[in-house]
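Have a look at query.csv below; it lists CSV, C-alpha atoms and all ligand atoms.
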chain,number,residue,atom,x,y,z
A,289,MET,CA,0.0,0.0,0.0
A,290,PRO,CA,1.5,3.3,-1.0
A,291,HIS,CA,2.0,6.1,1.7
A,292,THR,CA,-0.5,8.8,1.7
A,293,PRO,CA,-1.0,11.4,0.5
A,294,TYR,CA,-1.4,10.2,-3.1
A,295,TYR,CA,-3.5,10.9,-6.1
A,296,LEU,CA,-5.2,7.7,-7.2
A,297,ILE,CA,-6.1,7.7,-10.9
A,298,ASP,CA,-8.6,4.8,-11.6
A,299,LYS,CA,-8.4,3.7,-15.2
A,300,SER,CA,-11.7,2.0,-15.1
A,301,LYS,CA,-13.3,5.3,-14.2
A,302,LEU,CA,-11.3,7.2,-16.8
A,303,LEU,CA,-12.4,4.6,-19.3
A,304,ARG,CA,-16.1,5.7,-18.8
A,305,ASN,CA,-15.2,9.2,-20.0
A,306,MET,CA,-13.0,8.0,-22.8
A,307,GLU,CA,-15.8,5.8,-24.2
A,308,LYS,CA,-18.1,8.8,-24.2
A,309,ILE,CA,-15.5,10.9,-26.0
A,310,ALA,CA,-15.0,8.2,-28.5
A,311,TYR,CA,-18.8,8.0,-29.0
A,312,VAL,CA,-19.0,11.7,-29.7
A,313,ARG,CA,-16.1,11.6,-32.1
A,314,GLU,CA,-17.7,8.8,-34.0
A,315,HIS,CA,-21.2,10.2,-34.1
A,316,SER,CA,-20.4,13.9,-34.7
A,317,GLY,CA,-17.2,13.8,-36.7
A,318,ALA,CA,-15.6,16.2,-34.2
A,319,LYS,CA,-12.1,15.6,-33.1
A,320,ALA,CA,-11.2,15.6,-29.4
A,321,LEU,CA,-8.0,17.1,-28.0
A,322,LEU,CA,-7.1,16.8,-24.3
A,323,ALA,CA,-6.6,20.3,-22.7
A,324,LEU,CA,-3.3,19.9,-20.9
A,325,LYS,CA,-4.0,22.9,-18.7
A,326,CYS,CA,-6.5,20.8,-16.9
A,327,PHE,CA,-4.7,17.5,-16.7
A,328,ALA,CA,-1.2,16.7,-17.7
A,329,THR,CA,-0.4,13.5,-15.8
A,330,TRP,CA,1.3,11.8,-18.7
A,331,SER,CA,1.5,8.3,-17.3
A,332,VAL,CA,-2.0,7.7,-18.5
A,333,PHE,CA,-1.6,9.3,-21.9
A,334,ASP,CA,-0.9,6.0,-23.7
A,335,PHE,CA,-4.3,4.8,-22.4
A,336,MET,CA,-6.1,8.1,-23.3
A,337,SER,CA,-4.6,8.4,-26.7
A,338,ASP,CA,-6.6,5.4,-28.0
A,339,TYR,CA,-9.7,7.4,-27.4
A,340,MET,CA,-8.7,11.0,-28.3
A,341,ASP,CA,-7.1,12.8,-31.3
A,342,GLY,CA,-4.3,14.7,-29.5
A,343,THR,CA,-3.7,17.6,-27.2
A,344,THR,CA,-4.1,21.3,-26.9
A,345,SER,CA,-1.9,23.6,-24.9
A,346,SER,CA,-1.5,26.9,-23.2
A,347,SER,CA,2.2,27.3,-23.3
A,348,LEU,CA,5.5,26.2,-24.8
A,349,HIS,CA,6.0,23.6,-22.0
A,350,GLU,CA,2.5,22.1,-22.6
A,351,VAL,CA,2.8,21.9,-26.3
A,352,LYS,CA,6.2,20.1,-25.9
A,353,LEU,CA,4.6,17.7,-23.4
A,354,GLY,CA,1.7,17.0,-25.7
A,355,ARG,CA,3.9,16.2,-28.6
A,356,LYS,CA,6.4,14.1,-26.6
A,357,LYS,CA,4.1,12.2,-24.3
A,358,PHE,CA,0.7,12.0,-26.1
A,359,GLY,CA,1.6,12.3,-29.8
A,360,LYS,CA,-1.1,12.5,-32.4
A,361,GLU,CA,-2.4,16.0,-33.3
A,362,THR,CA,-0.9,18.8,-31.3
A,363,HIS,CA,-2.4,22.2,-31.1
A,364,ALA,CA,-0.5,25.2,-29.7
A,365,TYR,CA,-2.3,28.1,-28.2
A,366,SER,CA,-1.1,30.7,-25.7
A,367,VAL,CA,-2.5,34.0,-24.5
A,368,ALA,CA,0.7,35.5,-25.7
A,369,TYR,CA,3.9,34.1,-27.2
A,370,ALA,CA,7.4,35.5,-26.5
A,371,ASP,CA,9.8,36.0,-29.4
A,372,SER,CA,12.2,33.6,-27.7
A,373,GLU,CA,9.7,30.7,-27.7
A,374,ILE,CA,7.8,31.0,-31.0
A,375,ASP,CA,10.2,28.8,-33.1
A,376,GLU,CA,10.1,25.9,-30.5
A,377,VAL,CA,6.4,26.2,-30.3
A,378,ILE,CA,6.0,25.8,-34.0
A,379,GLU,CA,8.5,22.9,-34.2
A,380,ASN,CA,6.3,21.0,-31.8
A,381,ALA,CA,2.8,21.8,-33.1
A,382,ASP,CA,0.6,20.9,-36.0
A,383,LYS,CA,-1.5,24.0,-35.7
A,384,ILE,CA,-0.9,27.3,-33.9
A,385,ILE,CA,-3.8,29.4,-32.6
A,386,PHE,CA,-3.0,33.0,-31.9
A,387,ASN,CA,-5.0,34.9,-29.2
A,388,SER,CA,-4.9,38.3,-31.0
A,389,ILE,CA,-4.5,39.8,-34.4
A,390,SER,CA,-1.4,41.6,-33.2
A,391,GLN,CA,0.3,38.3,-32.3
A,392,LEU,CA,-0.8,36.7,-35.6
A,393,ASN,CA,0.8,39.7,-37.4
A,394,ARG,CA,3.9,39.8,-35.2
A,395,PHE,CA,4.7,36.1,-36.0
A,396,ALA,CA,3.5,36.1,-39.6
A,397,ASP,CA,6.9,35.2,-41.0
A,398,ALA,CA,7.9,32.7,-38.2
A,399,ALA,CA,4.5,30.9,-38.5
A,400,SER,CA,4.1,31.1,-42.3
A,401,GLY,CA,4.9,27.4,-42.7
A,402,ILE,CA,2.3,26.1,-40.1
A,403,VAL,CA,-1.5,26.0,-40.1
A,404,ARG,CA,-2.7,29.1,-38.3
A,405,GLY,CA,-5.8,30.0,-36.4
A,406,LEU,CA,-7.2,32.8,-34.3
A,407,ARG,CA,-9.1,32.8,-31.1
A,408,LEU,CA,-12.5,34.5,-31.3
A,409,ASN,CA,-14.4,35.8,-28.3
A,410,PRO,CA,-18.2,35.7,-28.8
A,411,GLN,CA,-18.7,37.8,-25.7
A,412,VAL,CA,-21.2,35.3,-24.2
A,413,SER,CA,-20.2,32.6,-21.8
A,414,SER,CA,-21.7,30.1,-19.4
A,415,SER,CA,-19.4,30.9,-16.5
A,416,SER,CA,-20.8,31.9,-13.2
A,417,PHE,CA,-17.4,33.0,-11.9
A,418,ASP,CA,-16.1,36.3,-13.1
A,419,LEU,CA,-12.6,35.0,-12.5
A,420,ALA,CA,-13.1,32.2,-15.0
A,421,ASP,CA,-15.3,34.0,-17.5
A,422,PRO,CA,-13.6,34.4,-20.9
A,423,ALA,CA,-16.3,36.9,-21.9
A,424,ARG,CA,-15.9,39.1,-18.8
A,425,PRO,CA,-15.7,42.8,-19.5
A,426,PHE,CA,-12.4,43.9,-21.1
A,427,SER,CA,-11.5,40.2,-21.6
A,428,ARG,CA,-8.1,39.7,-23.3
A,429,LEU,CA,-9.1,36.3,-24.5
A,430,GLY,CA,-9.6,36.4,-28.3
A,431,GLU,CA,-10.8,38.9,-31.0
A,432,TRP,CA,-14.5,39.9,-31.3
A,433,ASP,CA,-14.6,42.5,-34.0
A,434,VAL,CA,-15.7,40.9,-37.3
A,435,THR,CA,-14.3,43.7,-39.4
A,436,LYS,CA,-10.9,43.4,-37.9
A,437,VAL,CA,-10.9,39.6,-38.3
A,438,GLU,CA,-12.0,39.9,-41.9
A,439,ALA,CA,-8.8,41.8,-42.7
A,440,VAL,CA,-6.6,38.8,-41.7
A,441,MET,CA,-8.6,36.0,-43.2
A,442,ASP,CA,-5.9,35.3,-45.8
A,443,ARG,CA,-3.5,34.3,-42.9
A,444,ILE,CA,-5.7,31.8,-41.1
A,445,SER,CA,-7.6,28.6,-41.8
A,446,GLY,CA,-9.5,28.2,-38.5
A,447,PHE,CA,-10.8,29.6,-35.3
A,448,MET,CA,-10.8,28.6,-31.7
A,449,ILE,CA,-13.7,29.7,-29.5
A,450,HIS,CA,-13.7,28.8,-25.8
A,451,ASN,CA,-16.7,30.2,-24.0
A,452,ASN,CA,-18.2,27.3,-22.1
A,453,CYS,CA,-17.3,26.8,-18.5
A,454,GLU,CA,-18.4,23.7,-16.5
A,455,ASN,CA,-21.5,23.8,-18.8
A,456,ALA,CA,-23.6,20.7,-18.2
A,457,ASP,CA,-26.7,22.2,-19.8
A,458,PHE,CA,-27.0,21.1,-23.5
A,459,ASP,CA,-29.7,23.8,-24.2
A,460,LEU,CA,-27.4,26.5,-23.0
A,461,PHE,CA,-24.6,25.1,-25.2
A,462,ASP,CA,-26.9,25.0,-28.1
A,463,LYS,CA,-28.1,28.6,-27.5
A,464,MET,CA,-24.6,29.9,-27.2
A,465,LEU,CA,-23.5,28.1,-30.4
A,466,GLY,CA,-26.5,29.8,-32.0
A,467,ASP,CA,-25.2,33.2,-30.8
A,468,ILE,CA,-21.7,32.4,-32.2
A,469,GLU,CA,-23.3,31.6,-35.6
A,470,THR,CA,-25.2,34.8,-35.6
A,471,LYS,CA,-22.2,36.8,-34.7
A,472,PHE,CA,-19.5,35.1,-36.7
A,473,GLY,CA,-21.5,33.1,-39.4
A,474,THR,CA,-19.9,34.9,-42.3
A,475,LEU,CA,-16.4,34.2,-41.0
A,476,LEU,CA,-17.1,30.5,-40.1
A,477,SER,CA,-18.0,29.6,-43.7
A,478,ARG,CA,-14.6,30.9,-44.8
A,479,VAL,CA,-12.4,28.6,-42.7
A,480,GLU,CA,-11.6,24.9,-42.7
A,481,TRP,CA,-11.7,24.1,-39.0
A,482,VAL,CA,-13.3,25.5,-35.8
A,483,SER,CA,-12.4,24.4,-32.3
A,484,LEU,CA,-15.2,24.9,-29.8
A,485,GLY,CA,-12.9,24.7,-26.9
A,486,GLY,CA,-13.5,23.0,-23.6
A,487,GLY,CA,-15.9,23.5,-20.7
A,488,ILE,CA,-18.7,21.3,-22.0
A,489,HIS,CA,-19.6,18.6,-19.5
A,490,PHE,CA,-20.7,16.1,-22.0
A,491,THR,CA,-19.2,13.1,-20.2
A,492,GLY,CA,-21.4,13.8,-17.1
A,493,ASP,CA,-24.4,11.6,-16.2
A,494,ASN,CA,-27.5,12.2,-18.3
A,495,TYR,CA,-25.9,14.5,-20.8
A,496,PRO,CA,-27.9,14.2,-24.0
A,497,LEU,CA,-25.0,12.8,-26.1
A,498,ASP,CA,-27.0,12.2,-29.3
A,499,LYS,CA,-28.4,15.7,-29.4
A,500,PHE,CA,-24.9,17.0,-28.8
A,501,CYS,CA,-23.5,14.9,-31.6
A,502,ALA,CA,-26.3,16.0,-34.0
A,503,ARG,CA,-25.7,19.7,-33.1
A,504,LEU,CA,-22.0,19.4,-33.7
A,505,LYS,CA,-22.5,17.5,-37.0
A,506,ALA,CA,-25.0,20.1,-38.2
A,507,PHE,CA,-22.6,22.9,-37.4
A,508,SER,CA,-19.8,21.1,-39.2
A,509,GLU,CA,-21.9,20.5,-42.3
A,510,LYS,CA,-23.4,24.0,-42.4
A,511,TYR,CA,-20.0,25.7,-42.5
A,512,GLY,CA,-18.0,23.0,-44.1
A,513,VAL,CA,-15.6,22.8,-41.1
A,514,GLN,CA,-13.8,20.2,-39.1
A,515,VAL,CA,-15.0,20.7,-35.6
A,516,TYR,CA,-12.6,20.2,-32.6
A,517,LEU,CA,-13.5,19.9,-29.0
A,518,GLU,CA,-10.9,20.5,-26.2
A,519,PRO,CA,-12.2,18.6,-23.2
A,520,GLY,CA,-10.2,19.1,-20.1
A,521,GLU,CA,-12.5,18.4,-17.1
A,522,ALA,CA,-14.8,16.3,-19.2
A,523,SER,CA,-11.9,13.9,-20.0
A,524,ILE,CA,-11.0,13.1,-16.4
A,525,THR,CA,-14.0,14.0,-14.4
A,526,LYS,CA,-14.6,11.6,-11.4
A,527,SER,CA,-11.6,9.5,-12.3
A,528,THR,CA,-9.3,10.4,-9.5
A,529,THR,CA,-9.2,10.7,-5.7
A,530,LEU,CA,-6.8,12.3,-3.3
A,531,GLU,CA,-6.1,9.7,-0.6
A,532,VAL,CA,-5.2,11.2,2.8
A,533,THR,CA,-4.7,9.9,6.3
A,534,VAL,CA,-6.0,11.5,9.5
A,535,LEU,CA,-3.1,12.8,11.7
A,536,ASP,CA,-5.0,14.4,14.6
A,537,THR,CA,-8.5,15.0,15.8
A,538,LEU,CA,-9.7,18.0,17.9
A,539,PHE,CA,-13.0,19.3,19.2
A,540,ASN,CA,-13.3,23.1,19.1
A,541,GLY,CA,-17.1,23.4,19.1
A,542,LYS,CA,-17.0,21.2,16.0
A,543,ASN,CA,-15.2,17.9,15.4
A,544,LEU,CA,-12.1,18.5,13.4
A,545,ALA,CA,-9.8,16.0,11.7
A,546,ILE,CA,-6.4,17.1,10.4
A,547,VAL,CA,-5.1,15.2,7.4
A,548,ASP,CA,-1.7,14.7,5.9
A,549,SER,CA,-2.5,17.0,2.9
A,550,SER,CA,-3.5,20.6,2.3
A,551,ILE,CA,-6.2,22.2,0.2
A,552,GLU,CA,-3.9,25.1,-0.6
A,553,ALA,CA,-1.0,22.8,-1.7
A,554,HIS,CA,-2.9,19.9,-3.3
A,555,MET,CA,-6.4,21.1,-4.3
A,556,LEU,CA,-5.8,24.7,-4.9
A,557,ASP,CA,-8.8,25.4,-7.1
A,558,LEU,CA,-11.2,24.6,-4.3
A,559,LEU,CA,-9.7,27.5,-2.4
A,560,ILE,CA,-9.6,29.9,-5.4
A,561,TYR,CA,-13.2,29.2,-6.2
A,562,ARG,CA,-14.3,28.9,-2.6
A,563,GLU,CA,-15.8,25.5,-3.1
A,564,THR,CA,-15.7,22.5,-0.7
A,565,ALA,CA,-14.2,19.2,-1.6
A,566,LYS,CA,-16.3,16.1,-2.1
A,567,VAL,CA,-16.3,13.0,0.1
A,568,GLU,CA,-18.5,10.0,-0.6
A,569,PRO,CA,-20.9,8.7,0.5
A,570,ASN,CA,-21.1,11.6,3.0
A,571,THR,CA,-23.7,9.9,5.1
A,572,GLY,CA,-23.8,8.9,8.8
A,573,ASP,CA,-24.2,10.6,12.1
A,574,HIS,CA,-20.6,11.7,12.7
A,575,THR,CA,-19.8,15.2,11.2
A,576,TYR,CA,-16.2,16.3,10.9
A,577,MET,CA,-14.5,19.2,9.4
A,578,ILE,CA,-11.6,17.8,7.4
A,579,CYS,CA,-8.7,20.2,7.6
A,580,GLY,CA,-5.3,20.5,5.9
A,581,LYS,CA,-2.0,20.5,7.7
A,582,SER,CA,-0.7,23.8,6.3
A,583,CYS,CA,-0.6,26.9,8.5
A,584,LEU,CA,-3.3,28.7,6.5
A,585,ALA,CA,-6.2,29.2,8.9
A,586,GLY,CA,-8.7,28.4,6.2
A,587,ASP,CA,-7.0,25.3,5.0
A,588,VAL,CA,-10.3,23.3,5.1
A,589,PHE,CA,-11.5,20.6,2.7
A,590,GLY,CA,-15.1,20.9,4.0
A,591,GLU,CA,-17.5,19.3,6.5
A,592,PHE,CA,-18.6,15.8,5.8
A,593,ASN,CA,-20.6,13.0,7.5
A,594,PHE,CA,-19.1,9.7,8.3
A,595,GLU,CA,-20.7,6.4,9.6
A,596,ASN,CA,-18.1,6.1,12.4
A,597,GLU,CA,-16.1,8.3,14.7
A,598,ILE,CA,-12.9,9.3,13.0
A,599,ARG,CA,-9.7,8.2,14.5
A,600,VAL,CA,-6.0,9.0,13.9
A,601,GLY,CA,-4.8,6.7,11.1
A,602,ASP,CA,-8.1,6.6,9.3
A,603,ARG,CA,-8.1,7.0,5.5
A,604,VAL,CA,-10.3,9.7,3.8
A,605,SER,CA,-10.7,9.8,0.0
A,606,ILE,CA,-11.3,13.2,-1.5
A,607,GLN,CA,-13.2,12.8,-4.7
A,608,ASP,CA,-12.7,14.3,-8.1
A,609,ALA,CA,-9.1,15.3,-7.7
A,610,ALA,CA,-7.8,15.2,-11.2
A,611,GLY,CA,-8.8,18.4,-13.0
A,612,TYR,CA,-6.9,21.6,-12.3
A,613,THR,CA,-5.5,19.9,-9.3
A,614,MET,CA,-2.4,17.9,-10.0
A,615,VAL,CA,-1.3,20.6,-12.5
A,616,LYS,CA,-1.5,23.2,-9.7
A,617,LYS,CA,0.0,21.3,-6.8
A,618,ASN,CA,2.7,23.3,-5.0
A,619,TRP,CA,5.2,23.1,-2.2
A,620,PHE,CA,3.5,25.5,0.2
A,621,ASN,CA,4.7,24.9,3.8
A,622,GLY,CA,6.9,22.1,2.4
A,623,VAL,CA,4.0,19.8,2.9
A,624,GLY,CA,4.8,16.3,1.5
A,625,MET,CA,3.8,16.2,-2.2
A,626,PRO,CA,1.2,13.5,-3.0
A,627,SER,CA,2.6,10.6,-4.9
A,628,ILE,CA,0.8,9.5,-8.1
A,629,VAL,CA,-0.7,6.0,-8.2
A,630,ILE,CA,-2.6,4.4,-11.1
A,631,LYS,CA,-5.2,1.8,-10.5
A,632,GLU,CA,-5.1,-0.5,-13.6
A,633,LEU,CA,-8.2,-2.0,-15.2
A,634,ASP,CA,-7.5,-5.3,-13.3
A,635,GLY,CA,-7.6,-3.5,-10.0
A,636,SER,CA,-3.9,-3.6,-9.3
A,637,GLU,CA,-2.3,-0.3,-8.1
A,638,ARG,CA,1.0,1.0,-9.4
A,639,VAL,CA,3.0,3.9,-7.9
A,640,VAL,CA,4.2,6.0,-10.9
A,641,ARG,CA,5.8,8.9,-9.1
A,642,GLU,CA,7.0,9.7,-5.6
A,643,PHE,CA,8.3,13.1,-4.6
A,644,THR,CA,11.1,13.6,-2.2
A,645,PHE,CA,12.9,16.3,-0.2
A,646,ASP,CA,15.2,16.7,-3.2
A,647,ASP,CA,12.2,17.6,-5.4
A,648,TYR,CA,11.3,20.3,-2.8
A,649,VAL,CA,14.8,21.6,-2.8
A,650,SER,CA,15.1,21.7,-6.5
A,651,SER,CA,11.9,23.6,-6.9
A,652,LEU,CA,13.7,26.7,-5.5
A,653,SER,CA,17.3,27.8,-5.3
B,701,LIG,C1,-8.9,27.4,-24.6
B,701,LIG,C2,-9.3,26.4,-23.7
B,701,LIG,N1,-9.6,25.1,-24.1
B,701,LIG,C3,-10.0,24.1,-23.3
B,701,LIG,C4,-10.1,24.4,-21.9
B,701,LIG,C5,-10.5,23.2,-21.1
B,701,LIG,O1,-11.7,23.5,-20.4
B,701,LIG,P1,-12.4,22.4,-19.4
B,701,LIG,O2,-11.3,21.8,-18.6
B,701,LIG,O3,-13.4,23.2,-18.7
B,701,LIG,O4,-13.0,21.4,-20.4
B,701,LIG,C6,-9.9,25.6,-21.4
B,701,LIG,C7,-10.0,25.9,-20.0
B,701,LIG,O5,-9.8,27.0,-19.5
B,701,LIG,C8,-9.4,26.7,-22.3
B,701,LIG,O6,-9.2,27.9,-21.9
If you took the structure in this file and wrote it as structure tokens, what would it be?
Amino acid sequence: MPHTPYYLIDKSKLLRNMEKIAYVREHSGAKALLALKCFATWSVFDFMSDYMDGTTSSSLHEVKLGRKKFGKETHAYSVAYADSEIDEVIENADKIIFNSISQLNRFADAASGIVRGLRLNPQVSSSSFDLADPARPFSRLGEWDVTKVEAVMDRISGFMIHNNCENADFDLFDKMLGDIETKFGTLLSRVEWVSLGGGIHFTGDNYPLDKFCARLKAFSEKYGVQVYLEPGEASITKSTTLEVTVLDTLFNGKNLAIVDSSIEAHMLDLLIYRETAKVEPNTGDHTYMICGKSCLAGDVFGEFNFENEIRVGDRVSIQDAAGYTMVKKNWFNGVGMPSIVIKELDGSERVVREFTFDDYVSSLS
């Protein structure tokens, strides 16, 4: 049994998402690229690459990782490229998507030999968090002025539009795609490919997959474009837990249990978006606040119900710990970094990475 804390990626759970992605590819004609910003744990890329078409990226490092570890089709995107990195980005990509017309123009010569696209911002989004809303006022994420985009159509053959965010509502997706068509229809029929980005929770329970496929297919046929999807969260949702052990218990008006992990170091997004972690089944008469071991006063995973009293040494599994989690882990407080363990389809568990004091030391100088 590996030492806690560790992230446990369960391939049989991952497979459920992969099969839905494969279904959508087959029935809609869309291609699916894993968004590495969400999940970049490359030990399972061999497994995932049987079900997906490649990767998309947000930086030079990610595009290199995608090419090296996932293979297949590799898209490069970044909010802004530096002069010093553009050549290496292009060397490692099949397509490059620029965030702005000025970057497209700046790197016109450097990128003349590669398929180029531009990010469009339809100024509508499904996000309920201003922080994560690509269409927020004064957003820097993509171009929205049709006249300006028309002037550079000779330089690009595709668009990327990412405006969904944790969107599990097909009707809302459908409506927003309609808004995109109204706004950018004339441009869409002049390109060969359109990426609709990520943020669509189509691998979730009860998502109307057939309606989704039909909508994508109709869009693709109407404009004569190859559609791409960039699922991050949808690829890995509910596949991974963070396994932790209780180190201490206290009663301070509430029952507290301190575990060998930290929300700030190991599940940072929960803190950023002020959400609580998930523990299942979350039933029983014993309520505990599960707390991290960093010095941050608010290092709290959440309050959960348990069947039994919690004791030092008990194991707790924090659910849904893959997306925007392992890619954001950090060395705050020098808290021991969770190992990475893969549960194979036959149920066996394999430790693929352990982190040591030397890793902590080499993260700084
Ligand atoms: C351009 C782009 N593509 C894909 C994604 C992946 O989104 P998600 O993980 O919500 O599917 C994001 C997330 O921010 C993104 O910005």
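Counting all atoms listed in the file and comparing A:Val437, A:Val312, A:Val377, A:Ile488, the residue that lies closest to Gly405 in chain A is A:Val437.
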| task | For ligand LIG 701 (chain B), collect every residue having any atom at a distance of at most 9 Å from a ligand atom (counting all atoms listed in the file); output as a ChimeraX atom specification. | result | /A:321-327,344-346,365-366,407,420,422,429,448-455,483-489,517-524,611-612
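Proximity of A:Val615, A:Ala545, A:Ile630, A:Gly635 to Phe592 in chain A, computed with all atoms listed in the file, is greatest for A:Ala545.
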| field | Atomic separation - CA of Asn409 in chain A relative to CA of Lys319 in chain A, Å | value | 20.9 Å
| remark: Expressed in Å, the length from CA of Asp418 in chain A to CA of Ser388 in chain A is 21.2 Å
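Take CA of Ser372 in chain A and CA of Arg394 in chain A: the distance between them is 12.8 Å.
Minimum atom-to-atom distance to Lys308 in chain A, evaluated using only C-alpha atoms, belongs to A:Asp498 out of A:Asp498, A:Asp557, A:Asp646, A:Glu591.
Once Asp462 in chain A and its same-chain neighbours fewer than 2 positions away are set aside, Ser413, Ser414, Asn452, Asn455, Ala456, Asp457, Phe458, Asp459, Leu460, Met464, Leu465, Gly466, Asp467, Ile468, Glu469, Leu484, Ile488, Pro496, Lys499, Phe500, Cys501, Ala502, Arg503, Leu504, Ala506 and Phe507 of chain A remain within 12 Å of it when counting only C-alpha atoms.
Taking all atoms listed in the file into account, Val640 in chain A lies nearest to A:Ser331 out of the set A:Ser605, A:Thr571, A:Ser331, A:Ser300.
Proximity to Arg428 in chain A at 10 Å, evaluated using all atoms listed in the file and with sequence-adjacent residues fewer than 2 positions away removed, yields Val367, Asn387, Ser388, Asn409, Pro422, Ala423, Arg424, Pro425, Phe426, Gly430 and Glu431 of chain A.
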| message | Let me make sure I understand: among A:Ser415, A:Ser627, A:Ser550, A:Gln514, which one has the smallest atom-to-atom distance to Phe461 in chain A if we use all atoms listed in the file? | response | A:Ser415
| message | Show me, as a list of chain:residue names, the residues that have an atom within 10 Å of Glu438 in chain A when counting all atoms listed in the file, minus same-chain residues fewer than 4 positions from it. | response | A:Asp433, A:Val434, A:Asp442, A:Thr474, A:Leu475, A:Arg478
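For the choices A:Glu597, A:Asp371, A:Glu314, A:Glu361, the atom-to-atom distance to Lys383 in chain A is smallest for A:Glu361 when using all atoms listed in the file.
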| message | Give me the residues near Asp634 in chain A as a PyMOL selection string, where near means some atom within 12 Å (using all atoms listed in the file) and where sequence neighbours in that chain fewer than 2 positions away do not count. | response | chain A and resi 298-300+630-632+636-638
| request: For Ile551 in chain A, list every protein, DNA or RNA residue within 7 Å, evaluated using all atoms listed in the file, and leave out those in the same chain fewer than 2 positions away; present the list as a list in words. | output: Ser549, Ala553, His554, Met555, Leu556, Leu559, Gly580, Asp587, Val588 and Phe589 of chain A
